[in-house]
Structure formats: structure tokens, C-alpha cells
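Listing of work_12.csv; format and content: CSV, N, CA and C atoms.
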chain,number,residue,atom,x,y,z
A,15,MET,N,0.8,-1.2,0.0
A,15,MET,CA,0.0,0.0,0.0
A,15,MET,C,0.9,1.2,0.0
A,16,LYS,N,0.4,2.3,-0.5
A,16,LYS,CA,1.1,3.5,-0.6
A,16,LYS,C,0.9,4.3,0.7
A,17,GLY,N,1.9,5.1,1.1
A,17,GLY,CA,1.8,6.0,2.2
A,17,GLY,C,2.1,5.3,3.5
A,18,GLY,N,2.2,6.0,4.6
A,18,GLY,CA,2.4,5.5,5.9
A,18,GLY,C,3.7,4.7,6.0
A,19,GLY,N,3.9,4.1,7.1
A,19,GLY,CA,5.2,3.4,7.4
A,19,GLY,C,4.9,1.9,7.5
A,20,GLY,N,3.8,1.4,6.9
A,20,GLY,CA,3.5,0.0,7.0
A,20,GLY,C,4.5,-0.9,6.4
A,21,ALA,N,4.4,-2.1,6.7
A,21,ALA,CA,5.3,-3.1,6.1
A,21,ALA,C,4.9,-3.4,4.7
A,22,LYS,N,5.9,-3.7,3.9
A,22,LYS,CA,5.7,-4.0,2.5
A,22,LYS,C,5.0,-5.4,2.4
A,23,LYS,N,4.0,-5.5,1.6
A,23,LYS,CA,3.3,-6.7,1.4
A,23,LYS,C,3.8,-7.4,0.1
A,24,THR,N,4.0,-8.7,0.2
A,24,THR,CA,4.4,-9.4,-1.0
A,24,THR,C,3.2,-10.3,-1.4
A,25,TYR,N,2.9,-10.3,-2.7
A,25,TYR,CA,1.8,-11.0,-3.2
A,25,TYR,C,2.4,-12.0,-4.2
A,26,THR,N,1.8,-13.2,-4.3
A,26,THR,CA,2.1,-14.2,-5.3
A,26,THR,C,0.9,-14.7,-5.9
A,27,ASN,N,0.9,-15.0,-7.1
A,27,ASN,CA,-0.2,-15.7,-7.8
A,27,ASN,C,0.2,-17.1,-8.2
A,28,LYS,N,-0.7,-18.0,-8.0
A,28,LYS,CA,-0.4,-19.3,-8.5
A,28,LYS,C,-1.0,-19.4,-9.9
A,29,VAL,N,-0.1,-19.9,-10.8
A,29,VAL,CA,-0.5,-20.0,-12.2
A,29,VAL,C,-0.5,-21.5,-12.6
A,30,THR,N,-1.7,-22.0,-13.1
A,30,THR,CA,-1.8,-23.4,-13.3
A,30,THR,C,-1.7,-23.8,-14.8
A,31,ASN,N,-1.7,-22.8,-15.7
A,31,ASN,CA,-1.6,-23.2,-17.1
A,31,ASN,C,-0.2,-23.6,-17.4
A,32,GLN,N,-0.1,-24.5,-18.3
A,32,GLN,CA,1.3,-24.9,-18.8
A,32,GLN,C,1.7,-23.9,-19.9
A,33,LYS,N,3.0,-23.5,-19.9
A,33,LYS,CA,3.5,-22.7,-20.9
A,33,LYS,C,3.7,-23.4,-22.2
A,34,LYS,N,3.2,-22.9,-23.3
A,34,LYS,CA,3.4,-23.6,-24.6
A,34,LYS,C,3.8,-22.5,-25.6
A,35,THR,N,5.0,-22.6,-26.1
A,35,THR,CA,5.5,-21.6,-27.0
A,35,THR,C,5.0,-22.0,-28.4
A,36,GLU,N,4.4,-21.0,-29.1
A,36,GLU,CA,3.9,-21.2,-30.4
A,36,GLU,C,4.5,-20.1,-31.3
A,37,SER,N,5.1,-20.5,-32.4
A,37,SER,CA,5.7,-19.6,-33.3
A,37,SER,C,4.7,-18.9,-34.1
A,38,LEU,N,4.6,-17.6,-34.1
A,38,LEU,CA,3.7,-16.8,-34.9
A,38,LEU,C,4.4,-16.1,-36.1
A,39,GLY,N,5.6,-16.5,-36.3
A,39,GLY,CA,6.4,-15.9,-37.3
A,39,GLY,C,7.7,-15.5,-36.7
A,40,SER,N,8.7,-15.2,-37.5
A,40,SER,CA,10.0,-15.0,-37.0
A,40,SER,C,10.1,-13.9,-36.0
A,41,SER,N,9.3,-12.8,-36.1
A,41,SER,CA,9.4,-11.7,-35.2
A,41,SER,C,8.4,-11.8,-34.1
A,42,ASP,N,7.5,-12.7,-34.2
A,42,ASP,CA,6.4,-12.8,-33.2
A,42,ASP,C,6.5,-14.1,-32.3
A,43,ASN,N,7.6,-14.6,-32.1
A,43,ASN,CA,7.8,-15.8,-31.2
A,43,ASN,C,7.3,-15.4,-29.8
A,44,CYS,N,6.4,-16.1,-29.3
A,44,CYS,CA,5.8,-15.8,-28.0
A,44,CYS,C,6.8,-15.8,-26.9
A,45,ALA,N,7.8,-16.6,-26.9
A,45,ALA,CA,8.8,-16.6,-25.8
A,45,ALA,C,9.6,-15.3,-25.8
A,46,ASN,N,9.6,-14.6,-26.8
A,46,ASN,CA,10.3,-13.3,-26.8
A,46,ASN,C,9.5,-12.1,-26.7
A,47,VAL,N,8.2,-12.2,-26.5
A,47,VAL,CA,7.3,-11.1,-26.4
A,47,VAL,C,7.6,-10.3,-25.0
A,48,GLN,N,7.9,-9.1,-25.1
A,48,GLN,CA,8.0,-8.2,-24.0
A,48,GLN,C,7.3,-6.9,-24.4
A,49,ILE,N,6.4,-6.5,-23.5
A,49,ILE,CA,5.6,-5.2,-23.8
A,49,ILE,C,5.7,-4.4,-22.6
A,50,GLN,N,6.2,-3.2,-22.7
A,50,GLN,CA,6.2,-2.2,-21.6
A,50,GLN,C,5.0,-1.3,-21.9
A,51,VAL,N,4.1,-1.1,-20.9
A,51,VAL,CA,2.9,-0.3,-21.2
A,51,VAL,C,2.4,0.4,-20.0
A,52,LEU,N,1.8,1.5,-20.2
A,52,LEU,CA,1.0,2.3,-19.2
A,52,LEU,C,-0.4,1.7,-19.3
A,53,LEU,N,-0.9,1.1,-18.2
A,53,LEU,CA,-2.2,0.5,-18.2
A,53,LEU,C,-3.3,1.5,-18.6
A,54,SER,N,-4.2,1.1,-19.4
A,54,SER,CA,-5.3,1.9,-19.8
A,54,SER,C,-6.4,1.7,-18.8
A,55,ASP,N,-7.2,2.8,-18.5
A,55,ASP,CA,-8.4,2.7,-17.6
A,55,ASP,C,-8.0,2.1,-16.2
A,56,PRO,N,-6.9,2.8,-15.6
A,56,PRO,CA,-6.5,2.2,-14.3
A,56,PRO,C,-7.6,2.3,-13.2
A,57,GLN,N,-7.6,1.2,-12.4
A,57,GLN,CA,-8.6,1.1,-11.4
A,57,GLN,C,-7.9,1.4,-10.0
A,58,SER,N,-8.2,2.6,-9.5
A,58,SER,CA,-7.5,3.0,-8.3
A,58,SER,C,-7.6,2.1,-7.1
A,59,ASN,N,-8.8,1.5,-6.9
A,59,ASN,CA,-8.9,0.5,-5.8
A,59,ASN,C,-8.0,-0.7,-5.9
A,60,ALA,N,-7.9,-1.2,-7.1
A,60,ALA,CA,-7.0,-2.4,-7.4
A,60,ALA,C,-5.5,-2.0,-7.3
A,61,LEU,N,-5.2,-0.8,-7.6
A,61,LEU,CA,-3.8,-0.3,-7.6
A,61,LEU,C,-3.3,-0.1,-6.2
A,62,GLN,N,-4.2,0.1,-5.3
A,62,GLN,CA,-3.8,0.4,-3.9
A,62,GLN,C,-3.0,-0.7,-3.2
A,63,ILE,N,-3.2,-1.9,-3.6
A,63,ILE,CA,-2.6,-3.0,-2.9
A,63,ILE,C,-1.3,-3.6,-3.6
A,64,ILE,N,-0.9,-2.9,-4.7
A,64,ILE,CA,0.3,-3.4,-5.4
A,64,ILE,C,1.5,-2.4,-5.2
A,65,ASP,N,2.7,-2.9,-5.4
A,65,ASP,CA,3.9,-2.1,-5.2
A,65,ASP,C,4.8,-2.4,-6.4
A,66,GLU,N,5.8,-1.5,-6.6
A,66,GLU,CA,6.8,-1.7,-7.7
A,66,GLU,C,7.5,-3.1,-7.4
A,67,GLY,N,7.6,-3.8,-8.5
A,67,GLY,CA,8.3,-5.1,-8.4
A,67,GLY,C,7.3,-6.3,-8.2
A,68,ASP,N,6.1,-6.0,-7.9
A,68,ASP,CA,5.1,-7.1,-7.8
A,68,ASP,C,4.8,-7.7,-9.1
A,69,LEU,N,4.5,-9.0,-9.1
A,69,LEU,CA,4.1,-9.8,-10.3
A,69,LEU,C,2.5,-9.8,-10.4
A,70,LEU,N,2.0,-9.5,-11.5
A,70,LEU,CA,0.6,-9.5,-11.7
A,70,LEU,C,0.2,-10.4,-12.8
A,71,LEU,N,-1.0,-10.9,-12.8
A,71,LEU,CA,-1.5,-11.9,-13.8
A,71,LEU,C,-2.0,-11.1,-15.0
A,72,VAL,N,-1.7,-11.6,-16.2
A,72,VAL,CA,-2.2,-11.1,-17.5
A,72,VAL,C,-3.2,-12.1,-18.1
A,73,ARG,N,-4.4,-11.7,-18.5
A,73,ARG,CA,-5.3,-12.6,-19.1
A,73,ARG,C,-6.1,-11.9,-20.1
A,74,PHE,N,-6.6,-12.7,-21.1
A,74,PHE,CA,-7.5,-12.2,-22.1
A,74,PHE,C,-8.9,-12.4,-21.6
A,75,SER,N,-9.8,-11.4,-21.6
A,75,SER,CA,-11.2,-11.6,-21.3
A,75,SER,C,-12.0,-11.6,-22.6
A,76,ALA,N,-12.6,-12.8,-22.8
A,76,ALA,CA,-13.4,-12.9,-24.0
A,76,ALA,C,-14.7,-12.0,-23.9
A,77,SER,N,-15.2,-11.9,-22.7
A,77,SER,CA,-16.4,-11.1,-22.6
A,77,SER,C,-16.2,-9.6,-22.9
A,78,SER,N,-15.1,-9.1,-22.5
A,78,SER,CA,-14.8,-7.7,-22.8
A,78,SER,C,-13.9,-7.5,-24.0
A,79,ASN,N,-13.4,-8.6,-24.5
A,79,ASN,CA,-12.5,-8.6,-25.7
A,79,ASN,C,-11.3,-7.7,-25.4
A,80,ARG,N,-10.7,-7.7,-24.2
A,80,ARG,CA,-9.6,-6.9,-23.8
A,80,ARG,C,-8.6,-7.8,-23.0
A,81,VAL,N,-7.4,-7.3,-23.0
A,81,VAL,CA,-6.3,-8.0,-22.1
A,81,VAL,C,-6.3,-7.2,-20.8
A,82,GLU,N,-6.5,-8.0,-19.7
A,82,GLU,CA,-6.6,-7.4,-18.4
A,82,GLU,C,-5.3,-7.7,-17.6
A,83,VAL,N,-5.0,-6.8,-16.7
A,83,VAL,CA,-3.9,-7.1,-15.7
A,83,VAL,C,-4.6,-7.1,-14.3
A,84,LEU,N,-4.4,-8.2,-13.6
A,84,LEU,CA,-5.0,-8.4,-12.3
A,84,LEU,C,-4.1,-8.4,-11.1
A,85,ASN,N,-4.5,-7.9,-10.0
A,85,ASN,CA,-3.7,-8.0,-8.8
A,85,ASN,C,-3.9,-9.3,-8.1
A,86,SER,N,-3.3,-9.5,-7.0
A,86,SER,CA,-3.4,-10.8,-6.3
A,86,SER,C,-4.8,-11.2,-5.8
A,87,GLN,N,-5.6,-10.2,-5.7
A,87,GLN,CA,-7.0,-10.4,-5.3
A,87,GLN,C,-7.9,-10.7,-6.4
A,88,GLY,N,-7.4,-10.7,-7.7
A,88,GLY,CA,-8.2,-11.0,-8.8
A,88,GLY,C,-8.9,-9.7,-9.4
A,89,GLU,N,-8.5,-8.6,-8.8
A,89,GLU,CA,-9.2,-7.3,-9.3
A,89,GLU,C,-8.4,-6.8,-10.5
A,90,VAL,N,-9.2,-6.2,-11.4
A,90,VAL,CA,-8.6,-5.7,-12.6
A,90,VAL,C,-7.9,-4.3,-12.3
A,91,CYS,N,-6.6,-4.3,-12.5
A,91,CYS,CA,-5.8,-3.0,-12.3
A,91,CYS,C,-5.9,-2.1,-13.5
A,92,GLY,N,-6.1,-2.7,-14.7
A,92,GLY,CA,-6.2,-1.9,-15.9
A,92,GLY,C,-6.1,-2.8,-17.1
A,93,PHE,N,-6.0,-2.2,-18.3
A,93,PHE,CA,-6.1,-2.9,-19.5
A,93,PHE,C,-4.9,-2.6,-20.4
A,94,VAL,N,-4.6,-3.5,-21.3
A,94,VAL,CA,-3.4,-3.3,-22.2
A,94,VAL,C,-3.9,-2.8,-23.6
A,95,ILE,N,-3.3,-1.7,-24.0
A,95,ILE,CA,-3.5,-1.2,-25.3
A,95,ILE,C,-2.0,-0.9,-25.9
A,96,HIS,N,-1.7,-1.6,-26.9
A,96,HIS,CA,-0.3,-1.6,-27.4
A,96,HIS,C,-0.4,-2.1,-28.9
A,97,PRO,N,0.6,-1.6,-29.7
A,97,PRO,CA,0.6,-2.0,-31.1
A,97,PRO,C,0.8,-3.5,-31.3
A,98,ARG,N,1.4,-4.2,-30.3
A,98,ARG,CA,1.6,-5.7,-30.5
A,98,ARG,C,0.5,-6.5,-29.7
A,99,LEU,N,-0.7,-5.8,-29.5
A,99,LEU,CA,-1.7,-6.5,-28.7
A,99,LEU,C,-2.2,-7.7,-29.4
A,100,ASP,N,-2.4,-7.7,-30.7
A,100,ASP,CA,-2.8,-8.9,-31.4
A,100,ASP,C,-1.9,-10.1,-31.2
A,101,THR,N,-0.6,-9.8,-31.2
A,101,THR,CA,0.4,-10.9,-30.9
A,101,THR,C,0.2,-11.4,-29.5
A,102,LEU,N,0.0,-10.5,-28.5
A,102,LEU,CA,-0.2,-11.0,-27.2
A,102,LEU,C,-1.4,-11.8,-27.0
A,103,ILE,N,-2.5,-11.4,-27.6
A,103,ILE,CA,-3.7,-12.2,-27.6
A,103,ILE,C,-3.6,-13.6,-28.2
A,104,ASN,N,-2.9,-13.6,-29.4
A,104,ASN,CA,-2.7,-14.9,-30.0
A,104,ASN,C,-1.9,-15.8,-29.1
A,105,CYS,N,-0.9,-15.3,-28.5
A,105,CYS,CA,0.0,-16.1,-27.6
A,105,CYS,C,-0.8,-16.6,-26.4
A,106,ILE,N,-1.6,-15.8,-25.8
A,106,ILE,CA,-2.5,-16.2,-24.7
A,106,ILE,C,-3.4,-17.3,-25.1
A,107,ARG,N,-4.1,-17.1,-26.3
A,107,ARG,CA,-5.0,-18.1,-26.8
A,107,ARG,C,-4.3,-19.4,-27.1
A,108,ASN,N,-3.0,-19.4,-27.4
A,108,ASN,CA,-2.3,-20.6,-27.6
A,108,ASN,C,-1.7,-21.2,-26.4
A,109,GLY,N,-2.1,-20.7,-25.2
A,109,GLY,CA,-1.7,-21.3,-24.0
A,109,GLY,C,-0.5,-20.7,-23.3
A,110,VAL,N,0.1,-19.7,-23.8
A,110,VAL,CA,1.3,-19.0,-23.1
A,110,VAL,C,0.8,-18.2,-22.0
A,111,VAL,N,1.3,-18.3,-20.8
A,111,VAL,CA,0.9,-17.6,-19.7
A,111,VAL,C,1.9,-16.4,-19.5
A,112,PHE,N,1.3,-15.2,-19.3
A,112,PHE,CA,2.1,-14.0,-19.2
A,112,PHE,C,1.9,-13.4,-17.8
A,113,GLU,N,3.0,-12.7,-17.4
A,113,GLU,CA,3.0,-12.0,-16.1
A,113,GLU,C,3.3,-10.5,-16.4
A,114,ALA,N,2.9,-9.6,-15.5
A,114,ALA,CA,3.2,-8.2,-15.6
A,114,ALA,C,4.0,-7.8,-14.4
A,115,VAL,N,5.2,-7.3,-14.6
A,115,VAL,CA,6.1,-6.8,-13.5
A,115,VAL,C,5.8,-5.3,-13.3
A,116,VAL,N,5.4,-4.9,-12.1
A,116,VAL,CA,5.0,-3.5,-11.9
A,116,VAL,C,6.3,-2.7,-11.9
A,117,GLU,N,6.4,-1.8,-12.8
A,117,GLU,CA,7.6,-0.9,-12.8
A,117,GLU,C,7.4,0.4,-12.1
A,118,PHE,N,6.1,0.9,-12.2
A,118,PHE,CA,5.7,2.1,-11.5
A,118,PHE,C,4.3,2.0,-11.1
A,119,VAL,N,3.9,2.5,-10.0
A,119,VAL,CA,2.5,2.5,-9.6
A,119,VAL,C,2.2,3.7,-8.7
A,120,SER,N,1.1,4.3,-8.9
A,120,SER,CA,0.5,5.4,-8.1
A,120,SER,C,-1.0,5.1,-7.9
A,121,ARG,N,-1.7,6.0,-7.3
A,121,ARG,CA,-3.1,5.8,-7.1
A,121,ARG,C,-3.9,5.9,-8.5
A,122,VAL,N,-3.2,6.5,-9.5
A,122,VAL,CA,-4.0,6.8,-10.7
A,122,VAL,C,-3.3,6.2,-12.0
A,123,SER,N,-2.1,5.6,-11.8
A,123,SER,CA,-1.5,5.1,-13.0
A,123,SER,C,-0.6,3.9,-12.6
A,124,CYS,N,-0.3,3.1,-13.6
A,124,CYS,CA,0.6,1.9,-13.4
A,124,CYS,C,1.3,1.6,-14.7
A,125,THR,N,2.6,1.4,-14.7
A,125,THR,CA,3.4,1.0,-15.8
A,125,THR,C,3.9,-0.4,-15.5
A,126,VAL,N,3.7,-1.4,-16.5
A,126,VAL,CA,4.1,-2.7,-16.3
A,126,VAL,C,5.0,-3.2,-17.5
A,127,LEU,N,5.8,-4.2,-17.2
A,127,LEU,CA,6.5,-5.0,-18.3
A,127,LEU,C,5.8,-6.3,-18.4
A,128,ILE,N,5.2,-6.6,-19.5
A,128,ILE,CA,4.5,-7.9,-19.7
A,128,ILE,C,5.5,-8.8,-20.4
A,129,GLN,N,5.6,-10.0,-19.9
A,129,GLN,CA,6.5,-11.0,-20.5
A,129,GLN,C,6.0,-12.4,-20.2
A,130,PRO,N,6.5,-13.4,-20.9
A,130,PRO,CA,6.0,-14.8,-20.6
A,130,PRO,C,6.4,-15.1,-19.1
A,131,TYR,N,5.5,-15.8,-18.5
A,131,TYR,CA,5.7,-16.3,-17.1
A,131,TYR,C,6.9,-17.2,-17.0
A,132,ARG,N,7.8,-16.9,-16.1
A,132,ARG,CA,9.0,-17.7,-16.0
A,132,ARG,C,9.0,-18.4,-14.7
A,133,ARG,N,9.0,-19.7,-14.7
A,133,ARG,CA,8.9,-20.5,-13.4
A,133,ARG,C,10.3,-20.6,-12.8
Take the structure I supplied and represent it as C-alpha cells, if you would.
Amino acid sequence: MKGGGGAKKTYTNKVTNQKKTESLGSSDNCANVQIQVLLSDPQSNALQIIDEGDLLLVRFSASSNRVEVLNSQGEVCGFVIHPRLDTLINCIRNGVVFEAVVEFVSRVSCTVLIQPYRR
């Protein structure tokens, strides 16, 4: 949480999907996808419980047709808008699990680095 002198909380997410690398072309190999992005439509309540360095879950929501980034409580922190979004969605649909490393977070914004989940 931000502010105060409280202890830093560490969150972990259990990921159960198996990583499967699928080649989408020479420049779109899922194992090499890395996307740095400022989350769109940040949700301040969800951002309050994350800190820089935390790992967040990345998933594709078929109902909203958007890529979501979630905190450890399963709350949506924001959405991914990026030129390589189609590649990211294709990789997720092919079973590749992605994580988002929090690089910067405030009450109103969050920058993450999205990459394949590394066990």
C-alpha cells in the first residue's frame, strides 16, 4: 500500500496453465514477447494493494475482448493497449501464460512490463 510506514506486502499468484511456445512468425515468437505499457483505464482501488516489483497476472477476457492485468485479489488493475496487442492475444490463446512486472504505480497510473511467465 502507498503512504504510511506500514510493512511492504508481498503477493504471489499461482499460475496453473502450462506454458506452450507457439511460433507466430520469426518476429512474433511468444517466448520473446515483452511489452512495456502504461495501463489503460487504471482502477485506483485495485492499484492500492500493489507495489513496484510485484508480479501481476495477465489474461484475455473474451467477454470484454480486452487484455486485463489483475492484482493478487483478482481485481482488474487496468487494460493493455499496445501495437503488439494482437500478438499478445494470439499467444495467450495458444496457452502461453504472461505476467506483468510492476515498474511504477501510483493511485492513478501503473506501468508494467509484460513477459512470458518464467517458473
Using only C-alpha atoms, which of A:Asn104, A:Gln62, A:Gln57, A:Thr125 sits nearest Val90 (chain A)?
A:Gln57
I need the residue nearest Cys124 (chain A) from this list: A:Leu71, A:Ala76, A:Cys91, A:Val47. Use only N, CA and C atoms for the distance.
A:Cys91
From the list A:Ser123, A:Ser78, A:Gln129, A:Asn108, which residue is nearest Ala45 (chain A) when using all atoms listed in the file?
A:Gln129
Within 7 Å of Glu113 (chain A), counting all atoms listed in the file, which residues show up once you throw out same-chain ones fewer than 2 positions away? Write them as a JSON list (two decimals) with N, CA and C atoms, in the coordinates of the input, please.
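The file below, part-v2.json, is the result:
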[["chain", "number", "residue", "atom", "x", "y", "z"],
["A", 69, "LEU", "N", 4.50, -9.00, -9.10],
["A", 69, "LEU", "CA", 4.10, -9.80, -10.30],
["A", 69, "LEU", "C", 2.50, -9.80, -10.40],
["A", 70, "LEU", "N", 2.00, -9.50, -11.50],
["A", 70, "LEU", "CA", 0.60, -9.50, -11.70],
["A", 70, "LEU", "C", 0.20, -10.40, -12.80],
["A", 71, "LEU", "N", -1.00, -10.90, -12.80],
["A", 71, "LEU", "CA", -1.50, -11.90, -13.80],
["A", 71, "LEU", "C", -2.00, -11.10, -15.00],
["A", 72, "VAL", "N", -1.70, -11.60, -16.20],
["A", 72, "VAL", "CA", -2.20, -11.10, -17.50],
["A", 72, "VAL", "C", -3.20, -12.10, -18.10],
["A", 111, "VAL", "N", 1.30, -18.30, -20.80],
["A", 111, "VAL", "CA", 0.90, -17.60, -19.70],
["A", 111, "VAL", "C", 1.90, -16.40, -19.50],
["A", 115, "VAL", "N", 5.20, -7.30, -14.60],
["A", 115, "VAL", "CA", 6.10, -6.80, -13.50],
["A", 115, "VAL", "C", 5.80, -5.30, -13.30],
["A", 127, "LEU", "N", 5.80, -4.20, -17.20],
["A", 127, "LEU", "CA", 6.50, -5.00, -18.30],
["A", 127, "LEU", "C", 5.80, -6.30, -18.40],
["A", 128, "ILE", "N", 5.20, -6.60, -19.50],
["A", 128, "ILE", "CA", 4.50, -7.90, -19.70],
["A", 128, "ILE", "C", 5.50, -8.80, -20.40],
["A", 129, "GLN", "N", 5.60, -10.00, -19.90],
["A", 129, "GLN", "CA", 6.50, -11.00, -20.50],
["A", 129, "GLN", "C", 6.00, -12.40, -20.20],
["A", 130, "PRO", "N", 6.50, -13.40, -20.90],
["A", 130, "PRO", "CA", 6.00, -14.80, -20.60],
["A", 130, "PRO", "C", 6.40, -15.10, -19.10],
["A", 131, "TYR", "N", 5.50, -15.80, -18.50],
["A", 131, "TYR", "CA", 5.70, -16.30, -17.10],
["A", 131, "TYR", "C", 6.90, -17.20, -17.00],
["A", 132, "ARG", "N", 7.80, -16.90, -16.10],
["A", 132, "ARG", "CA", 9.00, -17.70, -16.00],
["A", 132, "ARG", "C", 9.00, -18.40, -14.70]]
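The strand (DSSP E) portion of region 100-131 of chain A consists of Phe112, Glu113, Ala114, Val115, Val116, Glu117, Phe118, Val119, Cys124, Thr125, Val126, Leu127, Ile128, Gln129 and Pro130 of chain A, with states taken from DSSP on the backbone.
Atom to atom, CA of Phe93 (chain A) and CA of Pro56 (chain A) stand 7.3 Å apart.
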Restricting the calculation to only N, CA and C atoms: of A:Val116, A:Leu99, A:Val110, A:Val94, which residue gets closest to Leu53 (chain A)?
A:Val94
As an MDAnalysis selection string, please: the residues near Ile106 (chain A) (cut-off 8 Å, all atoms listed in the file, same-chain neighbours under 4 positions excluded).
chainID A and resid 44 72:74 100:102 110:112
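If only C-alpha atoms are the atoms counted, then among A:Ala60, A:Gln50, A:Arg107, A:Ser75 the closest residue to Gly88 (chain A) is A:Ala60.
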So the first atom is CA of Gly109 (chain A) and the second is CA of Glu89 (chain A); what is the distance between them in Å, to one decimal place?
21.6 Å
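Excluding Arg121 (chain A) itself and any same-chain residue fewer than 2 positions from it, the protein and nucleic acid residues within 6 Å of it, counting all atoms listed in the file, are Ser58, Leu61, Val119 and Ser123 of chain A.
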Mind dumping the selected residues with N, CA and C atoms as a short mmCIF file (atom, residue, chain, number, x, y, z; two decimals), in the coordinates of the input?
data_model
loop_
_atom_site.label_atom_id
_atom_site.label_comp_id
_atom_site.auth_asym_id
_atom_site.auth_seq_id
_atom_site.Cartn_x
_atom_site.Cartn_y
_atom_site.Cartn_z
N SER A 58 -8.20 2.60 -9.50
CA SER A 58 -7.50 3.00 -8.30
C SER A 58 -7.60 2.10 -7.10
N LEU A 61 -5.20 -0.80 -7.60
CA LEU A 61 -3.80 -0.30 -7.60
C LEU A 61 -3.30 -0.10 -6.20
N VAL A 119 3.90 2.50 -10.00
CA VAL A 119 2.50 2.50 -9.60
C VAL A 119 2.20 3.70 -8.70
N SER A 123 -2.10 5.60 -11.80
CA SER A 123 -1.50 5.10 -13.00
C SER A 123 -0.60 3.90 -12.60
#
Using only C-alpha atoms, find the one residue out of A:Ile64, A:Asn43, A:Ser120, A:Gln48 that sits nearest to Pro97 (chain A).
A:Gln48
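When atom C of Asn46 (chain A) is paired with CA of Arg133 (chain A), their separation reads 15.7 Å.
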